[in-house]
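Only one structure is covered here, and it is reproduced in the block below.
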Amino acid sequence: MISAERIEEAAYGAMFRAGIEIPEDYETGLREIAKSETGDLSAFVIEAMLENYDAAREDRRAMCADTGLPRWFVKIGNEARLEGGFVELERRLRRATARATHDVPLRPNRVHPLTRRDHNNNVGINAPEVEWSFEPDADWIDITTVHKGGLFGSDYRMLFPADGIDGIKRFFMDTLIAFGKRGLACQPAIVGVGLGGSKDVCMTLGKQAACLRIVGDRNPDPEVAKLEEELKALGNSIGMGAMGFVGSSMVVDCHIEIGDCHTGGMPASVHTFCLASRRAVARIHADGRIETRTDPNWFTPYMRRETVEWREAETV
Amino acid sequence: MAGSGDGLRKRRLAAPVSDEDLATICCGDIVFLDGVIYTGREGVYRKVVDEGAEPPVDLRRLSNVNFHCSPAAAVQDDGSYRIGAVTATASFRFSRALPAWFAKTGCKVVVGKGGMNPKDYRDTFVPAGAVYLTTVGYGTGALLGRGIREVLAAHWIEELGIAQAMWVLRVENFGPLIVESDLQGNSLFEQQNAAINERIEKLYDGLKTPALRRHGETDDKTEELI
């Protein structure tokens, strides 16, 4: 039985790490594309950001003051048992969000959309979001928090099968050019692309592809992996770098996630996870041990299954 | 050959910023501020510009630097304020409020994110003798947070909340910031966009257009959203 106290402790700690420590994979990826950055202003911006990550770690302060919309992704082992069940888990995530908002401090970004009322704790109606997934043959739970800015850099479009890869490429560039100018997307970014699914799932898959996969990771489907590489190169060929200055650093990596969709359509979504790509993970084992990491490992073979029955052996 | 920021001109300016200093800065200069600045965005503009309220403090005497920002801050149990990171929010949304704001407060330096539409510089900033400094990244929140030496006040925090209150900050070596517009109304982003736009059309060569268009869709990728 995993205690509710341990869940809150793990979640509270993850909030600090996400807000303060840039994930290693992103920082390494940024350093890598900075090596070939062609523009002086864009290079200056990247140098300043690398210095900023150091300042955040040294001072234990948030790396960016727009601490985004803190949210939760929870993966539950099928054999895990939780004290107080799921209602208690959600309560603990809300408590951790509110406490960490005050203690880090994070910016209380969450307001009522009409009245603009702010509880000053990043908790409110349908906030923070909690998304769920499950894992067979496991007795742990993984709690991932992502702090993602929420204003610029995402778009959705219903494409059609005949539009093909050309259509995807056009839409991808349209989005990066529109939101890349003046750096509204806070690039260089991890760009997530959702392909297929229902409209809402298409958005969800793209968002998760951007936020829950690490730089360097490739989709296990070779066709999809090839498109990831192509889109990454395409984004970096636009001629735009950090802050929309002339340069070459737009895409640190591109991740695509797939969902089967309506036979007549090919919905697509594009999302940018910014220069403050904030994510942190805590695994709580059945014995209460807490392990921390930065790779959510969200898209497991079970998540990407395409058959009626699930047996891991079938996919290996 | 990799680019580098080493060749960019770096300046430290006292805030409030003098007319002499304003006259000598150029697009693309890197600036650090020392002195007093204040934050103001939707909530403050709504009260002062839309509802006609007087600013909570005499801004003409306090500072001429308006930072489009909400800090990541918390009110401590003893009533004091703790600021962690600070970064700017996108400024183009405040275009409508700025003419009245400049007239009422004597603001001459806007620090924000992303700059304004070039028309705003010509119509509002140049007549007011004002310039625009953009934050860097975006998201050098920890570096800018380090530059805050003291919170002098948090006006209207009860009514507007932490994010929208007017924070008055004493800063030191506050930056880096990049000069985006100068007193002549030149815009760094406009210059950079023009260079990028020259190549954009070629990127789409050979890619067929989608079967279903969208309302308002344009093939002119040089158009700005803001």
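Here's how to read the names in the structure tokens: chain A, B, ... by the order shown, residue numbers from 1 in each chain, ligand numbers from 1 in the order shown.
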| helix (DSSP H, G or I) positions in segment 40-200 of chain A, given as a PyMOL selection string | chain A and resi 40-59+85-103+161-183+199-200
Those selected residues, please, written with C-alpha atoms and delivered as a compact mmCIF listing (two decimals), in the first residue's frame.
# COMPACT_ATOMS: atom_id res chain seq x y z
CA ASP A 40 25.21 36.22 -33.51
CA LEU A 41 22.03 37.43 -31.77
CA SER A 42 20.58 33.92 -31.64
CA ALA A 43 23.89 32.62 -30.28
CA PHE A 44 23.87 35.36 -27.62
CA VAL A 45 20.36 34.33 -26.52
CA ILE A 46 21.40 30.68 -26.15
CA GLU A 47 24.52 31.69 -24.18
CA ALA A 48 22.31 33.73 -21.84
CA MET A 49 19.90 30.83 -21.39
CA LEU A 50 22.72 28.42 -20.50
CA GLU A 51 23.93 30.96 -17.94
CA ASN A 52 20.35 31.25 -16.68
CA TYR A 53 20.11 27.49 -16.04
CA ASP A 54 23.25 27.73 -13.89
CA ALA A 55 21.82 30.70 -11.97
CA ALA A 56 18.57 28.83 -11.29
CA ARG A 57 20.40 25.74 -10.00
CA GLU A 58 22.82 27.77 -7.86
CA ASP A 59 20.17 30.04 -6.33
CA GLY A 85 -7.62 5.58 -3.64
CA PHE A 86 -7.72 7.95 -6.58
CA VAL A 87 -9.70 10.70 -4.88
CA GLU A 88 -7.01 10.97 -2.22
CA LEU A 89 -4.30 10.93 -4.91
CA GLU A 90 -5.93 13.85 -6.71
CA ARG A 91 -6.26 15.71 -3.42
CA ARG A 92 -2.55 15.20 -2.69
CA LEU A 93 -1.56 16.47 -6.15
CA ARG A 94 -3.62 19.61 -5.58
CA ARG A 95 -2.05 20.12 -2.15
CA ALA A 96 1.47 19.66 -3.57
CA THR A 97 0.69 22.16 -6.34
CA ALA A 98 -0.53 24.81 -3.92
CA ARG A 99 2.28 24.31 -1.39
CA ALA A 100 5.05 24.34 -4.00
CA THR A 101 3.56 27.42 -5.70
CA HIS A 102 4.09 29.31 -2.45
CA ASP A 103 7.35 27.70 -1.41
CA PRO A 161 -5.25 11.73 -46.54
CA ALA A 162 -4.49 13.17 -50.00
CA ASP A 163 -2.61 16.07 -48.35
CA GLY A 164 -0.02 13.49 -47.34
CA ILE A 165 3.40 14.27 -45.90
CA ASP A 166 3.40 17.56 -47.87
CA GLY A 167 0.40 18.71 -45.88
CA ILE A 168 2.05 17.81 -42.60
CA LYS A 169 5.25 19.62 -43.57
CA ARG A 170 3.37 22.75 -44.63
CA PHE A 171 1.36 22.84 -41.42
CA PHE A 172 4.49 22.21 -39.34
CA MET A 173 6.33 25.12 -40.99
CA ASP A 174 3.26 27.38 -40.88
CA THR A 175 3.11 26.95 -37.11
CA LEU A 176 6.84 27.38 -36.48
CA ILE A 177 7.08 30.48 -38.69
CA ALA A 178 3.98 32.10 -37.24
CA PHE A 179 4.94 31.59 -33.60
CA GLY A 180 8.71 31.58 -34.12
CA LYS A 181 8.79 35.22 -35.23
CA ARG A 182 9.83 37.44 -32.33
CA GLY A 183 10.39 34.18 -30.44
CA LYS A 199 -9.48 16.11 -32.57
CA ASP A 200 -9.01 16.31 -28.80
| said: Which residues are close to Thr105 of chain B, i.e. within 8 Å by only C-alpha atoms, leaving aside same-chain residues fewer than 6 positions away? Reply as a ChimeraX atom specification. | reply: /B:58-60,64
Could those residues be written to a file, using all heavy atoms, as a tab-separated table (two decimals), in the first residue's frame?
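The resulting result_22.tsv:
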chain	number	residue	atom	x	y	z
B	58	ASP	N	3.30	58.28	-7.53
B	58	ASP	CA	3.63	59.24	-8.57
B	58	ASP	C	4.73	58.67	-9.46
B	58	ASP	O	5.92	58.78	-9.14
B	58	ASP	CB	4.07	60.57	-7.94
B	58	ASP	CG	4.34	61.62	-9.00
B	58	ASP	OD1	4.23	61.30	-10.21
B	58	ASP	OD2	4.67	62.75	-8.63
B	59	LEU	N	4.35	58.09	-10.59
B	59	LEU	CA	5.32	57.40	-11.43
B	59	LEU	C	6.27	58.38	-12.11
B	59	LEU	O	7.40	58.02	-12.44
B	59	LEU	CB	4.60	56.54	-12.48
B	59	LEU	CG	3.83	55.34	-11.90
B	59	LEU	CD1	3.04	54.64	-13.00
B	59	LEU	CD2	4.77	54.35	-11.23
B	60	ARG	N	5.84	59.62	-12.31
B	60	ARG	CA	6.74	60.61	-12.92
B	60	ARG	C	7.95	60.85	-12.04
B	60	ARG	O	9.03	61.19	-12.52
B	60	ARG	CB	6.01	61.92	-13.18
B	60	ARG	CG	5.05	61.81	-14.34
B	60	ARG	CD	4.42	63.15	-14.70
B	60	ARG	NE	3.48	62.96	-15.79
B	60	ARG	CZ	3.81	62.94	-17.07
B	60	ARG	NH1	5.07	63.12	-17.42
B	60	ARG	NH2	2.92	62.73	-18.00
B	64	ASN	N	10.73	55.83	-14.98
B	64	ASN	CA	10.11	55.84	-16.32
B	64	ASN	C	10.27	54.49	-17.01
B	64	ASN	O	10.16	54.41	-18.22
B	64	ASN	CB	10.70	56.98	-17.16
B	64	ASN	CG	12.21	56.84	-17.36
B	64	ASN	OD1	12.81	55.85	-16.93
B	64	ASN	ND2	12.83	57.81	-18.03
How close does each residue of chain B get to chain A, giving the shortest atom pair and distance in Å to one decimal for every residue with an atom at most 6 Å away, counting only C-alpha atoms, sorted by chain and residue number, as JSON lines?
{"residue": "B:Ala2", "atom": "CA", "partner": "A:Thr38", "partner_atom": "CA", "distance": 5.0}
{"residue": "B:Gly3", "atom": "CA", "partner": "A:Asp40", "partner_atom": "CA", "distance": 4.4}
{"residue": "B:Ser4", "atom": "CA", "partner": "A:Asp40", "partner_atom": "CA", "distance": 4.6}
{"residue": "B:Gly5", "atom": "CA", "partner": "A:Phe44", "partner_atom": "CA", "distance": 4.1}
{"residue": "B:Pro71", "atom": "CA", "partner": "A:Ala65", "partner_atom": "CA", "distance": 5.8}
{"residue": "B:Ala72", "atom": "CA", "partner": "A:Arg107", "partner_atom": "CA", "distance": 3.9}
{"residue": "B:Ala73", "atom": "CA", "partner": "A:Pro105", "partner_atom": "CA", "distance": 5.6}
{"residue": "B:Ala74", "atom": "CA", "partner": "A:His102", "partner_atom": "CA", "distance": 5.6}
{"residue": "B:Gly84", "atom": "CA", "partner": "A:Arg61", "partner_atom": "CA", "distance": 5.2}
{"residue": "B:Ala85", "atom": "CA", "partner": "A:Ala65", "partner_atom": "CA", "distance": 4.6}
{"residue": "B:Val86", "atom": "CA", "partner": "A:Ala65", "partner_atom": "CA", "distance": 4.5}
{"residue": "B:Thr87", "atom": "CA", "partner": "A:Ala65", "partner_atom": "CA", "distance": 4.9}
{"residue": "B:Gly114", "atom": "CA", "partner": "A:Arg182", "partner_atom": "CA", "distance": 5.1}
{"residue": "B:Gly137", "atom": "CA", "partner": "A:Val45", "partner_atom": "CA", "distance": 5.6}
{"residue": "B:Tyr138", "atom": "CA", "partner": "A:Cys186", "partner_atom": "CA", "distance": 5.4}
{"residue": "B:Gly139", "atom": "CA", "partner": "A:Cys64", "partner_atom": "CA", "distance": 4.7}
{"residue": "B:Thr140", "atom": "CA", "partner": "A:Asn52", "partner_atom": "CA", "distance": 5.4}
{"residue": "B:Gly141", "atom": "CA", "partner": "A:Cys64", "partner_atom": "CA", "distance": 4.0}
{"residue": "B:Ala142", "atom": "CA", "partner": "A:Met63", "partner_atom": "CA", "distance": 5.0}
{"residue": "B:Leu143", "atom": "CA", "partner": "A:Asn52", "partner_atom": "CA", "distance": 5.5}
{"residue": "B:Gln192", "atom": "CA", "partner": "A:Phe245", "partner_atom": "CA", "distance": 5.7}
{"residue": "B:Leu207", "atom": "CA", "partner": "A:Asp166", "partner_atom": "CA", "distance": 5.2}
{"residue": "B:Pro210", "atom": "CA", "partner": "A:Asp163", "partner_atom": "CA", "distance": 5.3}
Expected file contents, prior selection, C-alpha atoms, as a short mmCIF file (atom, residue, chain, number, x, y, z; two decimals), in the first residue's frame:
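To be explicit, this is the file written out as out.cif:
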data_model
loop_
_atom_site.label_atom_id
_atom_site.label_comp_id
_atom_site.auth_asym_id
_atom_site.auth_seq_id
_atom_site.Cartn_x
_atom_site.Cartn_y
_atom_site.Cartn_z
CA ALA B 2 29.27 29.36 -35.37
CA GLY B 3 27.77 32.70 -34.33
CA SER B 4 28.65 34.43 -31.08
CA GLY B 5 27.34 37.23 -28.90
CA PRO B 71 7.08 37.86 -10.90
CA ALA B 72 7.12 34.36 -9.47
CA ALA B 73 6.63 35.73 -5.98
CA ALA B 74 5.08 34.80 -2.67
CA GLY B 84 12.26 34.09 -7.20
CA ALA B 85 12.28 34.47 -10.96
CA VAL B 86 11.03 37.33 -13.11
CA THR B 87 10.37 37.26 -16.84
CA GLY B 114 8.53 40.17 -28.27
CA GLY B 137 15.26 33.94 -24.26
CA TYR B 138 12.62 34.15 -23.39
CA GLY B 139 12.99 33.04 -19.90
CA THR B 140 16.17 34.30 -18.27
CA GLY B 141 14.01 34.40 -15.15
CA ALA B 142 16.73 33.36 -12.72
CA LEU B 143 19.25 35.90 -14.06
CA GLN B 192 15.48 40.44 -38.54
CA LEU B 207 4.84 21.13 -51.33
CA PRO B 210 -3.97 21.19 -48.50
#
| What gap, in Å, lies between atom CA of Glu180 of chain B and atom CA of Asn193 of chain B? | 12.5 Å
| said: According to DSSP computed on the backbone, where in segment 108-193 of chain B is there strand (DSSP E or B)? Give the residues as a ChimeraX atom specification. | reply: /B:109-113,131-135,148-155,166-181,187
| task | Excluding Ser18 of chain B and any residue of its chain fewer than 5 positions from it, enumerate the residues within 10 Å of it, using only C-alpha atoms, and give them as a ChimeraX atom specification. | result | /B:13,23,64,108
May I have the selected residues written with N, CA, C and O atoms, as an mmCIF file, in the first residue's frame?
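Okay, this is what ended up in out_37.cif:
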data_model
loop_
_atom_site.group_PDB
_atom_site.id
_atom_site.type_symbol
_atom_site.label_atom_id
_atom_site.label_comp_id
_atom_site.auth_asym_id
_atom_site.auth_seq_id
_atom_site.Cartn_x
_atom_site.Cartn_y
_atom_site.Cartn_z
ATOM 1 N N LEU B 13 22.836 51.024 -17.799
ATOM 2 C CA LEU B 13 22.105 52.287 -17.756
ATOM 3 C C LEU B 13 21.434 52.451 -16.395
ATOM 4 O O LEU B 13 20.904 51.485 -15.832
ATOM 5 N N ALA B 23 19.049 58.548 -26.021
ATOM 6 C CA ALA B 23 19.431 59.004 -27.359
ATOM 7 C C ALA B 23 20.601 58.214 -27.929
ATOM 8 O O ALA B 23 20.812 58.197 -29.139
ATOM 9 N N ASN B 64 10.733 55.828 -14.984
ATOM 10 C CA ASN B 64 10.115 55.841 -16.315
ATOM 11 C C ASN B 64 10.267 54.490 -17.012
ATOM 12 O O ASN B 64 10.163 54.408 -18.222
ATOM 13 N N LYS B 108 9.116 56.079 -20.457
ATOM 14 C CA LYS B 108 9.933 56.193 -21.674
ATOM 15 C C LYS B 108 10.675 54.910 -22.028
ATOM 16 O O LYS B 108 11.353 54.847 -23.055
#
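Look at Pro16 of chain B: the protein and nucleic acid residues within 8 Å of it, using only C-alpha atoms and passing over chain neighbours fewer than 4 places away, are Gly35, Val36, Ile37, Leu62, Ser63, Asn64 and Val65 of chain B.
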Those residues with N, CA, C and O atoms, as a short mmCIF file (atom, residue, chain, number, x, y, z; two decimals), in the first residue's frame please?
data_model
loop_
_atom_site.label_atom_id
_atom_site.label_comp_id
_atom_site.auth_asym_id
_atom_site.auth_seq_id
_atom_site.Cartn_x
_atom_site.Cartn_y
_atom_site.Cartn_z
N GLY B 35 18.76 50.65 -10.78
CA GLY B 35 17.88 51.70 -10.28
C GLY B 35 16.50 51.17 -9.93
O GLY B 35 16.38 50.07 -9.38
N VAL B 36 15.47 51.94 -10.28
CA VAL B 36 14.10 51.58 -9.91
C VAL B 36 13.26 51.36 -11.16
O VAL B 36 13.30 52.17 -12.09
N ILE B 37 12.54 50.25 -11.18
CA ILE B 37 11.60 49.96 -12.26
C ILE B 37 10.30 49.48 -11.62
O ILE B 37 10.26 49.16 -10.43
N LEU B 62 8.91 58.46 -9.66
CA LEU B 62 9.49 57.17 -9.26
C LEU B 62 10.43 56.57 -10.32
O LEU B 62 11.60 56.28 -10.05
N SER B 63 9.88 56.35 -11.51
CA SER B 63 10.67 55.73 -12.58
C SER B 63 9.95 55.85 -13.91
O SER B 63 8.71 55.95 -13.95
N ASN B 64 10.73 55.83 -14.98
CA ASN B 64 10.11 55.84 -16.32
C ASN B 64 10.27 54.49 -17.01
O ASN B 64 10.16 54.41 -18.22
N VAL B 65 10.51 53.44 -16.22
CA VAL B 65 10.69 52.11 -16.80
C VAL B 65 9.55 51.19 -16.39
O VAL B 65 9.38 50.85 -15.21
#
Near Ser80 of chain B, counting only C-alpha atoms, which residues have an atom at most 10 Å away, once you skip same-chain residues fewer than 6 positions from it, shown as a short mmCIF file (atom, residue, chain, number, x, y, z; two decimals) with C-alpha atoms, in the first residue's frame?
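Writing the result to result.cif gives the following:
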data_model
loop_
_atom_site.label_atom_id
_atom_site.label_comp_id
_atom_site.auth_asym_id
_atom_site.auth_seq_id
_atom_site.Cartn_x
_atom_site.Cartn_y
_atom_site.Cartn_z
CA ALA B 74 5.08 34.80 -2.67
CA VAL B 151 10.95 44.95 -3.40
CA ALA B 153 6.25 48.03 -2.88
CA ALA B 154 3.54 45.74 -4.26
#
| From the list B:Gly145, B:Gly7, B:Gly161, B:Gly40, which residue is nearest Leu98 of chain B when using only C-alpha atoms? | B:Gly40
| query | If you count only C-alpha atoms, which residues fall within 8 Å of Thr134 of chain B, apart from same-chain ones fewer than 6 positions away, as a ChimeraX atom specification? | reply | /B:111-115,177-180
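Relative to atom CA of Arg11 of chain B, atom CA of Asn173 of chain B is found at 10.0 Å.
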